[in-house]
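S.K.: Here you go, upload.cif (mmCIF, C-alpha atoms):
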data_input
#
loop_
_atom_site.group_PDB
_atom_site.id
_atom_site.type_symbol
_atom_site.label_atom_id
_atom_site.label_comp_id
_atom_site.auth_asym_id
_atom_site.auth_seq_id
_atom_site.Cartn_x
_atom_site.Cartn_y
_atom_site.Cartn_z
ATOM 1 C CA MET A 2 -45.713 94.581 31.761
ATOM 2 C CA THR A 3 -46.292 97.966 30.142
ATOM 3 C CA GLN A 4 -49.032 100.415 31.057
ATOM 4 C CA ARG A 5 -52.281 99.583 29.296
ATOM 5 C CA PRO A 6 -53.600 102.083 26.761
ATOM 6 C CA ASP A 7 -56.703 104.076 27.559
ATOM 7 C CA ASP A 8 -59.857 102.204 26.543
ATOM 8 C CA CYS A 9 -62.585 104.743 27.362
ATOM 9 C CA SER A 10 -61.454 108.154 26.121
ATOM 10 C CA LEU A 11 -63.888 110.019 23.880
ATOM 11 C CA THR A 12 -64.196 113.632 22.785
ATOM 12 C CA PRO A 13 -66.834 115.704 24.638
ATOM 13 C CA VAL A 14 -69.136 115.453 21.615
ATOM 14 C CA GLN A 15 -68.679 111.673 21.369
ATOM 15 C CA LEU A 16 -69.220 111.274 25.117
ATOM 16 C CA ALA A 17 -72.433 113.310 25.057
ATOM 17 C CA LYS A 18 -73.706 111.165 22.191
ATOM 18 C CA ILE A 19 -73.003 107.894 24.040
ATOM 19 C CA ARG A 20 -74.520 109.185 27.287
ATOM 20 C CA LYS A 21 -77.686 110.109 25.397
ATOM 21 C CA GLU A 22 -77.867 106.610 23.894
ATOM 22 C CA ALA A 23 -77.248 105.010 27.310
ATOM 23 C CA GLU A 24 -80.126 106.981 28.814
ATOM 24 C CA ARG A 25 -82.328 105.973 25.872
ATOM 25 C CA ALA A 26 -81.458 102.310 26.469
ATOM 26 C CA LEU A 27 -82.293 102.600 30.174
ATOM 27 C CA ARG A 28 -85.591 104.357 29.455
ATOM 28 C CA GLU A 29 -86.694 101.952 26.724
ATOM 29 C CA ALA A 30 -85.826 99.010 28.996
ATOM 30 C CA GLY A 31 -87.778 100.509 31.907
ATOM 31 C CA ALA A 32 -84.510 100.256 33.814
ATOM 32 C CA LEU A 33 -83.850 103.898 34.685
ATOM 33 C CA GLY A 34 -83.358 104.028 38.452
ATOM 34 C CA VAL A 35 -83.505 100.238 38.827
ATOM 35 C CA LEU A 36 -80.489 98.898 40.756
ATOM 36 C CA PRO A 37 -78.638 96.874 39.855
ATOM 37 C CA THR A 38 -79.261 97.525 36.170
ATOM 38 C CA PRO A 39 -81.302 94.606 34.742
ATOM 39 C CA ILE A 40 -79.011 93.284 32.029
ATOM 40 C CA HIS A 41 -81.618 91.115 30.292
ATOM 41 C CA ASP A 42 -83.892 94.125 29.771
ATOM 42 C CA ILE A 43 -81.022 96.026 28.128
ATOM 43 C CA LEU A 44 -80.334 93.054 25.840
ATOM 44 C CA ALA A 45 -84.006 93.047 24.861
ATOM 45 C CA VAL A 46 -84.061 96.708 23.754
ATOM 46 C CA ALA A 47 -80.708 96.210 21.993
ATOM 47 C CA LYS A 48 -82.394 93.331 20.113
ATOM 48 C CA VAL A 49 -79.571 90.925 20.882
ATOM 49 C CA GLU A 50 -79.568 87.534 22.544
ATOM 50 C CA GLU A 51 -76.808 85.817 24.449
ATOM 51 C CA VAL A 52 -75.760 82.362 23.274
ATOM 52 C CA LYS A 53 -75.160 80.269 26.397
ATOM 53 C CA GLU A 54 -72.093 78.537 25.082
ATOM 54 C CA ASP A 55 -68.458 79.014 26.018
ATOM 55 C CA VAL A 56 -66.640 81.028 23.344
ATOM 56 C CA LEU A 57 -63.378 79.432 24.422
ATOM 57 C CA SER A 58 -64.467 75.825 23.995
ATOM 58 C CA GLU A 59 -62.811 74.076 21.073
ATOM 59 C CA GLY A 60 -66.103 72.618 19.844
ATOM 60 C CA PHE A 61 -67.711 76.069 19.705
ATOM 61 C CA LEU A 62 -64.699 77.645 17.995
ATOM 62 C CA ALA A 63 -64.613 74.903 15.379
ATOM 63 C CA LYS A 64 -68.326 75.312 14.681
ATOM 64 C CA MET A 65 -68.077 79.102 14.383
ATOM 65 C CA ARG A 66 -64.976 78.961 12.161
ATOM 66 C CA HIS A 67 -66.826 76.652 9.831
ATOM 67 C CA LYS A 68 -69.881 78.887 9.454
ATOM 68 C CA ALA A 69 -68.536 82.411 10.079
ATOM 69 C CA GLY A 70 -66.899 84.967 7.855
ATOM 70 C CA ASP A 71 -63.253 85.925 8.207
ATOM 71 C CA ALA A 72 -64.034 88.983 10.365
ATOM 72 C CA ILE A 73 -65.700 86.813 12.987
ATOM 73 C CA LYS A 74 -63.059 84.097 12.696
ATOM 74 C CA ARG A 75 -60.280 86.575 13.482
ATOM 75 C CA ALA A 76 -62.143 87.857 16.551
ATOM 76 C CA LEU A 77 -63.001 84.481 18.041
ATOM 77 C CA SER A 78 -59.543 83.755 19.416
ATOM 78 C CA LYS A 79 -58.945 86.998 21.320
ATOM 79 C CA VAL A 80 -62.072 88.454 22.883
ATOM 80 C CA MET A 81 -64.146 87.922 26.029
ATOM 81 C CA GLY A 82 -67.285 88.692 24.035
ATOM 82 C CA LEU A 83 -68.345 88.634 20.407
ATOM 83 C CA PHE A 84 -71.184 90.410 18.606
ATOM 84 C CA ASP A 85 -72.770 88.857 15.535
ATOM 85 C CA ALA A 86 -74.685 91.784 13.989
ATOM 86 C CA ALA A 87 -76.467 89.819 11.277
ATOM 87 C CA ALA A 88 -77.903 87.251 13.693
ATOM 88 C CA GLY A 89 -78.304 89.629 16.656
ATOM 89 C CA LEU A 90 -76.316 87.290 18.896
ATOM 90 C CA ILE A 91 -73.598 87.836 21.458
ATOM 91 C CA PHE A 92 -71.161 85.170 22.609
ATOM 92 C CA LEU A 93 -69.466 85.509 25.992
ATOM 93 C CA ASP A 94 -66.665 83.788 27.834
ATOM 94 C CA GLN A 95 -68.675 81.790 30.362
ATOM 95 C CA LEU A 96 -65.641 81.604 32.671
ATOM 96 C CA LEU A 97 -65.761 85.334 33.403
ATOM 97 C CA VAL A 98 -66.540 86.260 37.006
ATOM 98 C CA PRO A 99 -70.144 87.506 37.267
ATOM 99 C CA VAL A 100 -69.383 91.236 37.684
ATOM 100 C CA LYS A 101 -66.967 91.175 34.733
ATOM 101 C CA LYS A 102 -69.478 89.248 32.654
ATOM 102 C CA ARG A 103 -72.120 91.926 33.346
ATOM 103 C CA PHE A 104 -69.839 94.626 31.960
ATOM 104 C CA VAL A 105 -68.806 92.564 28.911
ATOM 105 C CA THR A 106 -72.477 91.770 28.237
ATOM 106 C CA LEU A 107 -73.319 95.489 28.254
ATOM 107 C CA HIS A 108 -70.292 96.195 26.041
ATOM 108 C CA GLU A 109 -71.536 93.726 23.434
ATOM 109 C CA ALA A 110 -75.098 95.034 23.836
ATOM 110 C CA GLY A 111 -73.686 98.498 23.086
ATOM 111 C CA HIS A 112 -72.434 97.278 19.724
ATOM 112 C CA GLY A 113 -75.991 96.156 19.014
ATOM 113 C CA PHE A 114 -77.821 99.158 20.463
ATOM 114 C CA LEU A 115 -75.743 102.006 19.012
ATOM 115 C CA PRO A 116 -77.367 102.310 15.566
ATOM 116 C CA TRP A 117 -74.280 103.424 13.622
ATOM 117 C CA GLN A 118 -72.251 100.551 15.059
ATOM 118 C CA ARG A 119 -74.765 97.803 14.335
ATOM 119 C CA ALA A 120 -75.169 98.965 10.745
ATOM 120 C CA MET A 121 -71.402 99.058 10.189
ATOM 121 C CA TYR A 122 -70.767 95.653 11.783
ATOM 122 C CA LYS A 123 -73.487 94.099 9.638
ATOM 123 C CA LEU A 124 -71.996 95.691 6.529
ATOM 124 C CA VAL A 125 -68.483 94.332 7.118
ATOM 125 C CA GLU A 126 -69.857 90.897 8.048
ATOM 126 C CA ASP A 127 -71.959 90.802 4.857
ATOM 127 C CA CYS A 128 -68.873 91.758 2.849
ATOM 128 C CA ASP A 129 -66.731 89.184 4.693
ATOM 129 C CA GLN A 130 -64.285 91.921 5.690
ATOM 130 C CA ALA A 131 -62.693 93.228 8.894
ATOM 131 C CA LEU A 132 -63.594 96.579 10.392
ATOM 132 C CA ASP A 133 -60.942 99.258 9.905
ATOM 133 C CA PRO A 134 -58.617 99.152 12.993
ATOM 134 C CA GLN A 135 -59.191 102.813 13.881
ATOM 135 C CA ALA A 136 -62.954 102.430 13.581
ATOM 136 C CA ALA A 137 -62.832 99.208 15.599
ATOM 137 C CA ASP A 138 -60.857 100.950 18.354
ATOM 138 C CA LEU A 139 -63.356 103.829 18.474
ATOM 139 C CA PHE A 140 -66.305 101.423 18.485
ATOM 140 C CA ASP A 141 -64.775 99.506 21.412
ATOM 141 C CA ARG A 142 -64.204 102.715 23.378
ATOM 142 C CA GLU A 143 -67.782 103.791 22.650
ATOM 143 C CA ALA A 144 -69.066 100.376 23.757
ATOM 144 C CA ASN A 145 -67.010 100.553 26.961
ATOM 145 C CA VAL A 146 -68.444 103.970 27.812
ATOM 146 C CA PHE A 147 -71.963 102.791 26.919
ATOM 147 C CA ALA A 148 -71.533 99.776 29.226
ATOM 148 C CA SER A 149 -70.266 101.989 32.052
ATOM 149 C CA GLU A 150 -73.036 104.581 31.678
ATOM 150 C CA VAL A 151 -75.747 101.910 31.617
ATOM 151 C CA LEU A 152 -74.205 99.926 34.484
ATOM 152 C CA PHE A 153 -73.865 103.022 36.679
ATOM 153 C CA GLN A 154 -77.148 104.581 35.517
ATOM 154 C CA ASN A 155 -75.444 107.627 33.976
ATOM 155 C CA ASP A 156 -74.829 109.920 36.988
ATOM 156 C CA ALA A 157 -76.646 107.891 39.682
ATOM 157 C CA PHE A 158 -73.408 106.403 41.026
ATOM 158 C CA HIS A 159 -71.767 109.841 40.983
ATOM 159 C CA HIS A 160 -74.611 111.434 42.947
ATOM 160 C CA MET A 161 -74.623 108.649 45.549
ATOM 161 C CA ALA A 162 -70.857 108.879 45.947
ATOM 162 C CA ALA A 163 -71.046 112.658 46.395
ATOM 163 C CA ASP A 164 -73.152 112.130 49.515
ATOM 164 C CA GLU A 165 -70.382 110.042 51.118
ATOM 165 C CA LYS A 166 -67.006 111.102 52.475
ATOM 166 C CA PHE A 167 -64.133 110.980 50.001
ATOM 167 C CA SER A 168 -62.446 107.615 50.478
ATOM 168 C CA ILE A 169 -61.386 104.494 48.579
ATOM 169 C CA TRP A 170 -64.060 102.680 50.607
ATOM 170 C CA THR A 171 -66.925 104.666 49.067
ATOM 171 C CA PRO A 172 -66.757 103.081 45.571
ATOM 172 C CA ILE A 173 -66.012 99.704 47.162
ATOM 173 C CA LYS A 174 -69.279 99.960 49.110
ATOM 174 C CA LEU A 175 -71.272 101.230 46.128
ATOM 175 C CA ALA A 176 -69.918 98.448 43.888
ATOM 176 C CA LYS A 177 -72.221 95.994 45.668
ATOM 177 C CA LYS A 178 -75.285 98.181 45.111
ATOM 178 C CA PHE A 179 -74.582 98.403 41.362
ATOM 179 C CA ASP A 180 -73.319 94.786 41.099
ATOM 180 C CA ALA A 181 -70.146 96.087 39.462
ATOM 181 C CA SER A 182 -66.477 95.212 39.716
ATOM 182 C CA LEU A 183 -64.248 97.159 42.092
ATOM 183 C CA TYR A 184 -62.127 98.333 39.170
ATOM 184 C CA SER A 185 -65.047 99.771 37.193
ATOM 185 C CA SER A 186 -66.554 101.285 40.362
ATOM 186 C CA ILE A 187 -63.313 102.990 41.377
ATOM 187 C CA ARG A 188 -62.820 104.179 37.826
ATOM 188 C CA GLN A 189 -66.326 105.649 37.766
ATOM 189 C CA TYR A 190 -65.748 107.264 41.174
ATOM 190 C CA VAL A 191 -62.511 109.023 40.236
ATOM 191 C CA SER A 192 -63.269 109.947 36.624
ATOM 192 C CA LYS A 193 -66.489 111.782 37.554
ATOM 193 C CA HIS A 194 -65.477 113.203 40.932
ATOM 194 C CA ASP A 195 -65.344 116.951 41.527
ATOM 195 C CA LYS A 196 -62.217 116.616 43.667
ATOM 196 C CA CYS A 197 -58.712 116.875 42.253
ATOM 197 C CA CYS A 198 -57.922 113.166 42.448
ATOM 198 C CA VAL A 199 -56.229 110.293 40.672
ATOM 199 C CA VAL A 200 -56.042 106.533 41.115
ATOM 200 C CA LEU A 201 -53.038 104.453 40.123
ATOM 201 C CA VAL A 202 -53.964 100.893 39.194
ATOM 202 C CA LEU A 203 -50.983 98.617 39.762
ATOM 203 C CA ASN A 204 -50.340 95.001 38.973
ATOM 204 C CA PRO A 205 -49.959 92.768 42.051
ATOM 205 C CA PRO A 206 -46.600 92.900 43.863
ATOM 206 C CA GLU A 207 -43.983 90.470 42.596
ATOM 207 C CA LEU A 208 -41.757 89.253 45.415
ATOM 208 C CA ILE A 209 -38.079 89.896 44.791
ATOM 209 C CA GLU A 210 -35.722 87.882 46.982
ATOM 210 C CA GLY A 211 -33.664 90.197 49.158
ATOM 211 C CA ASP A 212 -35.372 93.293 47.788
ATOM 212 C CA GLY A 213 -38.986 93.133 49.001
ATOM 213 C CA PHE A 214 -41.281 93.465 45.988
ATOM 214 C CA ARG A 215 -41.913 95.381 42.789
ATOM 215 C CA CYS A 216 -45.219 96.590 41.324
ATOM 216 C CA THR A 217 -45.742 97.757 37.759
ATOM 217 C CA LEU A 218 -48.174 100.464 36.711
ATOM 218 C CA ARG A 219 -51.182 99.161 34.796
ATOM 219 C CA ARG A 220 -53.317 102.268 34.324
ATOM 220 C CA VAL A 221 -53.828 105.850 35.542
ATOM 221 C CA ILE A 222 -57.330 107.287 35.944
ATOM 222 C CA ALA A 223 -57.708 110.955 36.850
ATOM 223 C CA SER A 224 -60.534 113.398 37.477
ATOM 224 C CA THR A 225 -61.027 116.341 35.143
ATOM 225 C CA SER A 226 -59.710 118.790 37.751
ATOM 226 C CA PHE A 227 -56.601 116.659 38.330
ATOM 227 C CA LEU A 228 -55.815 116.640 34.619
ATOM 228 C CA ALA A 229 -56.334 120.395 34.471
ATOM 229 C CA ALA A 230 -53.894 120.977 37.347
ATOM 230 C CA PHE A 231 -51.302 118.256 36.784
ATOM 231 C CA GLY A 232 -51.609 117.302 33.121
ATOM 232 C CA GLU A 233 -49.901 114.055 32.162
ATOM 233 C CA HIS A 234 -48.037 113.543 35.432
ATOM 234 C CA PRO A 235 -44.797 111.502 34.996
ATOM 235 C CA TRP A 236 -45.751 108.484 37.093
ATOM 236 C CA PRO A 237 -42.992 105.863 37.409
ATOM 237 C CA ALA A 238 -43.591 102.544 35.657
ATOM 238 C CA VAL A 239 -42.275 100.473 38.603
ATOM 239 C CA TYR A 240 -42.759 100.780 42.387
ATOM 240 C CA THR A 241 -40.810 99.189 45.259
ATOM 241 C CA PRO A 242 -40.854 99.487 49.093
ATOM 242 C CA ASP A 243 -38.079 102.078 48.794
ATOM 243 C CA ASP A 244 -40.037 104.714 46.867
ATOM 244 C CA GLU A 245 -42.825 107.062 47.893
ATOM 245 C CA ILE A 246 -45.792 105.332 46.266
ATOM 246 C CA GLY A 247 -44.359 101.878 46.969
ATOM 247 C CA ARG A 248 -44.645 102.508 50.697
ATOM 248 C CA PHE A 249 -48.412 102.775 50.327
ATOM 249 C CA ILE A 250 -48.789 99.304 48.769
ATOM 250 C CA PRO A 251 -50.389 96.845 51.228
ATOM 251 C CA VAL A 252 -48.428 93.626 51.734
ATOM 252 C CA ALA A 253 -48.396 90.656 54.118
ATOM 253 C CA GLY A 254 -52.106 89.977 53.698
ATOM 254 C CA ARG A 255 -53.258 93.539 54.400
ATOM 255 C CA LYS A 256 -56.075 94.992 52.270
ATOM 256 C CA SER A 257 -55.187 98.631 52.889
ATOM 257 C CA SER A 258 -52.374 100.759 54.250
ATOM 258 C CA GLY A 259 -54.717 103.452 55.587
ATOM 259 C CA LYS A 260 -54.477 107.158 54.776
ATOM 260 C CA ARG A 261 -51.065 108.811 54.486
ATOM 261 C CA GLN A 262 -49.785 112.278 53.684
ATOM 262 C CA THR A 263 -47.878 112.968 50.483
ATOM 263 C CA ALA A 264 -47.332 115.849 48.063
ATOM 264 C CA LEU A 265 -47.425 116.347 44.303
ATOM 265 C CA VAL A 266 -46.207 119.150 42.054
ATOM 266 C CA ASP A 267 -48.566 120.499 39.412
ATOM 267 C CA ARG A 268 -47.770 121.620 35.871
ATOM 268 C CA ASN A 269 -47.117 125.191 37.106
ATOM 269 C CA GLY A 270 -44.589 124.112 39.709
ATOM 270 C CA ASN A 271 -46.902 124.481 42.709
ATOM 271 C CA ARG A 272 -46.710 121.864 45.437
ATOM 272 C CA HIS A 273 -49.962 120.343 46.694
ATOM 273 C CA ASP A 274 -50.545 118.680 50.030
ATOM 274 C CA CYS A 275 -52.202 115.341 49.240
ATOM 275 C CA VAL A 276 -53.669 112.299 50.940
ATOM 276 C CA ALA A 277 -53.016 108.810 49.581
ATOM 277 C CA GLU A 278 -55.066 105.716 50.371
ATOM 278 C CA SER A 279 -54.641 102.167 49.080
ATOM 279 C CA PHE A 280 -56.646 99.003 48.599
ATOM 280 C CA THR A 281 -55.600 95.678 47.123
ATOM 281 C CA GLN A 282 -57.292 92.707 45.524
ATOM 282 C CA THR A 283 -55.598 89.508 44.484
ATOM 283 C CA HIS A 284 -55.001 90.746 40.940
ATOM 284 C CA GLN A 285 -54.599 94.535 41.338
ATOM 285 C CA VAL A 286 -53.676 97.364 43.693
ATOM 286 C CA PHE A 287 -55.360 100.776 43.824
ATOM 287 C CA ILE A 288 -53.589 103.903 45.086
ATOM 288 C CA LEU A 289 -56.081 106.782 45.425
ATOM 289 C CA ILE A 290 -54.528 110.249 45.786
ATOM 290 C CA HIS A 291 -56.326 113.555 46.166
ATOM 291 C CA ALA A 292 -54.993 117.088 46.529
ATOM 292 C CA VAL A 293 -55.968 118.913 49.714
ATOM 293 C CA LYS A 294 -54.452 122.371 49.208
ATOM 294 C CA THR A 295 -51.729 124.220 47.325
ATOM 295 C CA LEU A 296 -48.562 124.734 49.360
ATOM 296 C CA GLY A 297 -46.449 126.742 46.912
ATOM 297 C CA PRO A 298 -43.282 126.099 44.864
ATOM 298 C CA PRO A 299 -41.670 122.738 45.681
ATOM 299 C CA PRO A 300 -38.216 121.578 46.664
ATOM 300 C CA PHE A 301 -39.136 118.080 45.438
ATOM 301 C CA LEU A 302 -41.512 116.310 43.103
ATOM 302 C CA LEU A 303 -43.077 113.716 45.372
ATOM 303 C CA HIS A 304 -42.730 113.174 49.090
ATOM 304 C CA ALA A 305 -44.452 110.840 51.493
ATOM 305 C CA ALA A 306 -44.432 110.877 55.258
#
Now that the file is in, can you turn its structure into structure tokens?
M.R.:
Amino acid sequence: MTQRPDDCSLTPVQLAKIRKEAERALREAGALGVLPTPIHDILAVAKVEEVKEDVLSEGFLAKMRHKAGDAIKRALSKVMGLFDAAAGLIFLDQLLVPVKKRFVTLHEAGHGFLPWQRAMYKLVEDCDQALDPQAADLFDREANVFASEVLFQNDAFHHMAADEKFSIWTPIKLAKKFDASLYSSIRQYVSKHDKCCVVLVLNPPELIEGDGFRCTLRRVIASTSFLAAFGEHPWPAVYTPDDEIGRFIPVAGRKSSGKRQTALVDRNGNRHDCVAESFTQTHQVFILIHAVKTLGPPPFLLHAA
């Protein structure tokens, strides 16, 4: 399995625009400061309504294919949520776990709330056409960021996390307060943190007979200061018990391997003393690493004790 492409990156100007719209949605819904974010109130100000029918059921798909345009038909077979701009309806996979469904609901609400998106989706639906792939990709990234900003109340999660000690357990604890998934909470924690930190999201370990296990890299999420210092760090695509990061991966029913010392080399060749901490769910593993101090030029690229 290859590393998944980034699905939230926006330019600073684009990000500022989406954050402004997210705050507007929260204010108009009377939801600013209300935890967890009331999803139905956001749907109301986005002027969209959820259809309580499973988008994956054959009967629903057949009905929608019969009445929908080609753009909607093509989308029906591959998404967890669908936005019908003309009717102001969203269709969701009813089998999604509740925290995932909340995020997907806000994603689809973003398509309806962001004025330039709703107008464009309605235009292509009226013309029975598909949205340009590049525009569709941008719209999805905008909707993902909108969903995240509304779910985490813009910087509310960040401010709460800043009052806690730096640890993988901080976003895990806050996830319950915001009724968010662990993945989205950890992503929010790292991406907005002031510390020089990064989280590696790995697929679950695959047992290899006679060779322990192997984990593949799913996604890398880094703070702004980490990117400034380390750039696009060359993370391996595969991890085993014999490599540095692989030793941090919890196995045998453990949820975490605790904190361990390691080191990373930045883009200028300086070695940084780091602390790594892990946490695992059934379907993913998180390795959180943060730089403690610069140690000087390195004799190696990555070392764990």
S.K.: Within 7 Å of segment 196-211 of chain A, counting only C-alpha atoms, which residues qualify if same-chain residues fewer than 4 places away don't, as a ChimeraX atom specification?
M.R.: /A:191,215-224,226-227,283-292
S.K.: Using the chain letters and numbers from the file, give me the residues hit by the PyMOL selection byres ((chain A and resi 7) around 12), as a list in words.
M.R.: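 Expected selection for the PyMOL selection byres ((chain A and resi 7) around 12) here is Gln4, Arg5, Pro6, Asp8, Cys9, Ser10, Leu11, Asp138, Leu139, Asp141, Arg142, Asn145, Val146, Arg188, Arg219, Arg220, Val221, Ile222 and Ala223 of chain A.
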S.K.: Taking (-64.4, 99.4, 48.9) in the file's own coordinates, collect the residues within 12 Å, counting only C-alpha atoms, and hand them back as a count of residues only.
M.R.: 30
S.K.: Please evaluate the PyMOL selection byres ((chain A and resi 81-83) around 7) against the structure above and give the resulting residues as a list of chain:residue names.
M.R.: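 This file gives the following for the PyMOL selection byres ((chain A and resi 81-83) around 7): A:Val80, A:Phe84, A:Asp85, A:Ile91, A:Phe92, A:Leu93, A:Asp94, A:Val105, A:Glu109.
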S.K.: Identify, on the basis of only C-alpha atoms, every residue whose closest approach to Arg103 of chain A does not exceed 12 Å; exclude the query and any residue fewer than 2 positions from it along the same chain; express the result as a ChimeraX atom specification.
M.R.: /A:37-41,43-44,51,81-82,93-95,97-101,105-110,145,148-149,151-153,179-182,185
S.K.: Taking all atoms listed in the file into account, which of A:Phe147, A:Lys260, A:Gln135, A:Asp195 comes nearest Leu16 of chain A?
M.R.: A:Phe147
S.K.: Can you pull out the residues contacting Lys123 of chain A? Cut-off 10 Å, using all atoms listed in the file, and skip same-chain residues under 6 positions away; I want them as a short mmCIF file (atom, residue, chain, number, x, y, z; two decimals) with C-alpha atoms, keeping the file's coordinate frame.
M.R.:
data_model
loop_
_atom_site.label_atom_id
_atom_site.label_comp_id
_atom_site.auth_asym_id
_atom_site.auth_seq_id
_atom_site.Cartn_x
_atom_site.Cartn_y
_atom_site.Cartn_z
CA PHE A 84 -71.18 90.41 18.61
CA ASP A 85 -72.77 88.86 15.54
CA ALA A 86 -74.68 91.78 13.99
CA ALA A 87 -76.47 89.82 11.28
CA ALA A 88 -77.90 87.25 13.69
CA GLY A 89 -78.30 89.63 16.66
CA GLY A 113 -75.99 96.16 19.01
CA ASP A 129 -66.73 89.18 4.69
#
S.K.: So what do you get for atom CA of Asn271 of chain A versus atom CA of Gln189 of chain A, distance-wise?
M.R.: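 About the pair atom CA of Asn271 of chain A and atom CA of Gln189 of chain A: they are 27.5 Å apart.
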S.K.: Atom CA of Thr12 of chain A to atom CA of Gly111 of chain A: how many Å, to one decimal?
M.R.: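 Computing it gives 17.9 Å between the two atoms.
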S.K.: Report the distance between atom CA of Tyr122 of chain A and atom CA of Leu33 of chain A in Å, rounded to one decimal place.
M.R.: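 Distance between the two atoms: 27.6 Å.
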S.K.: Ranking A:Ala264, A:Met161, A:Leu96, A:Ala47 by minimum distance to Pro116 of chain A and counting all atoms listed in the file, which one comes first?
M.R.: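 Counting all atoms listed in the file, the residue closest to Pro116 of chain A is A:Ala47.
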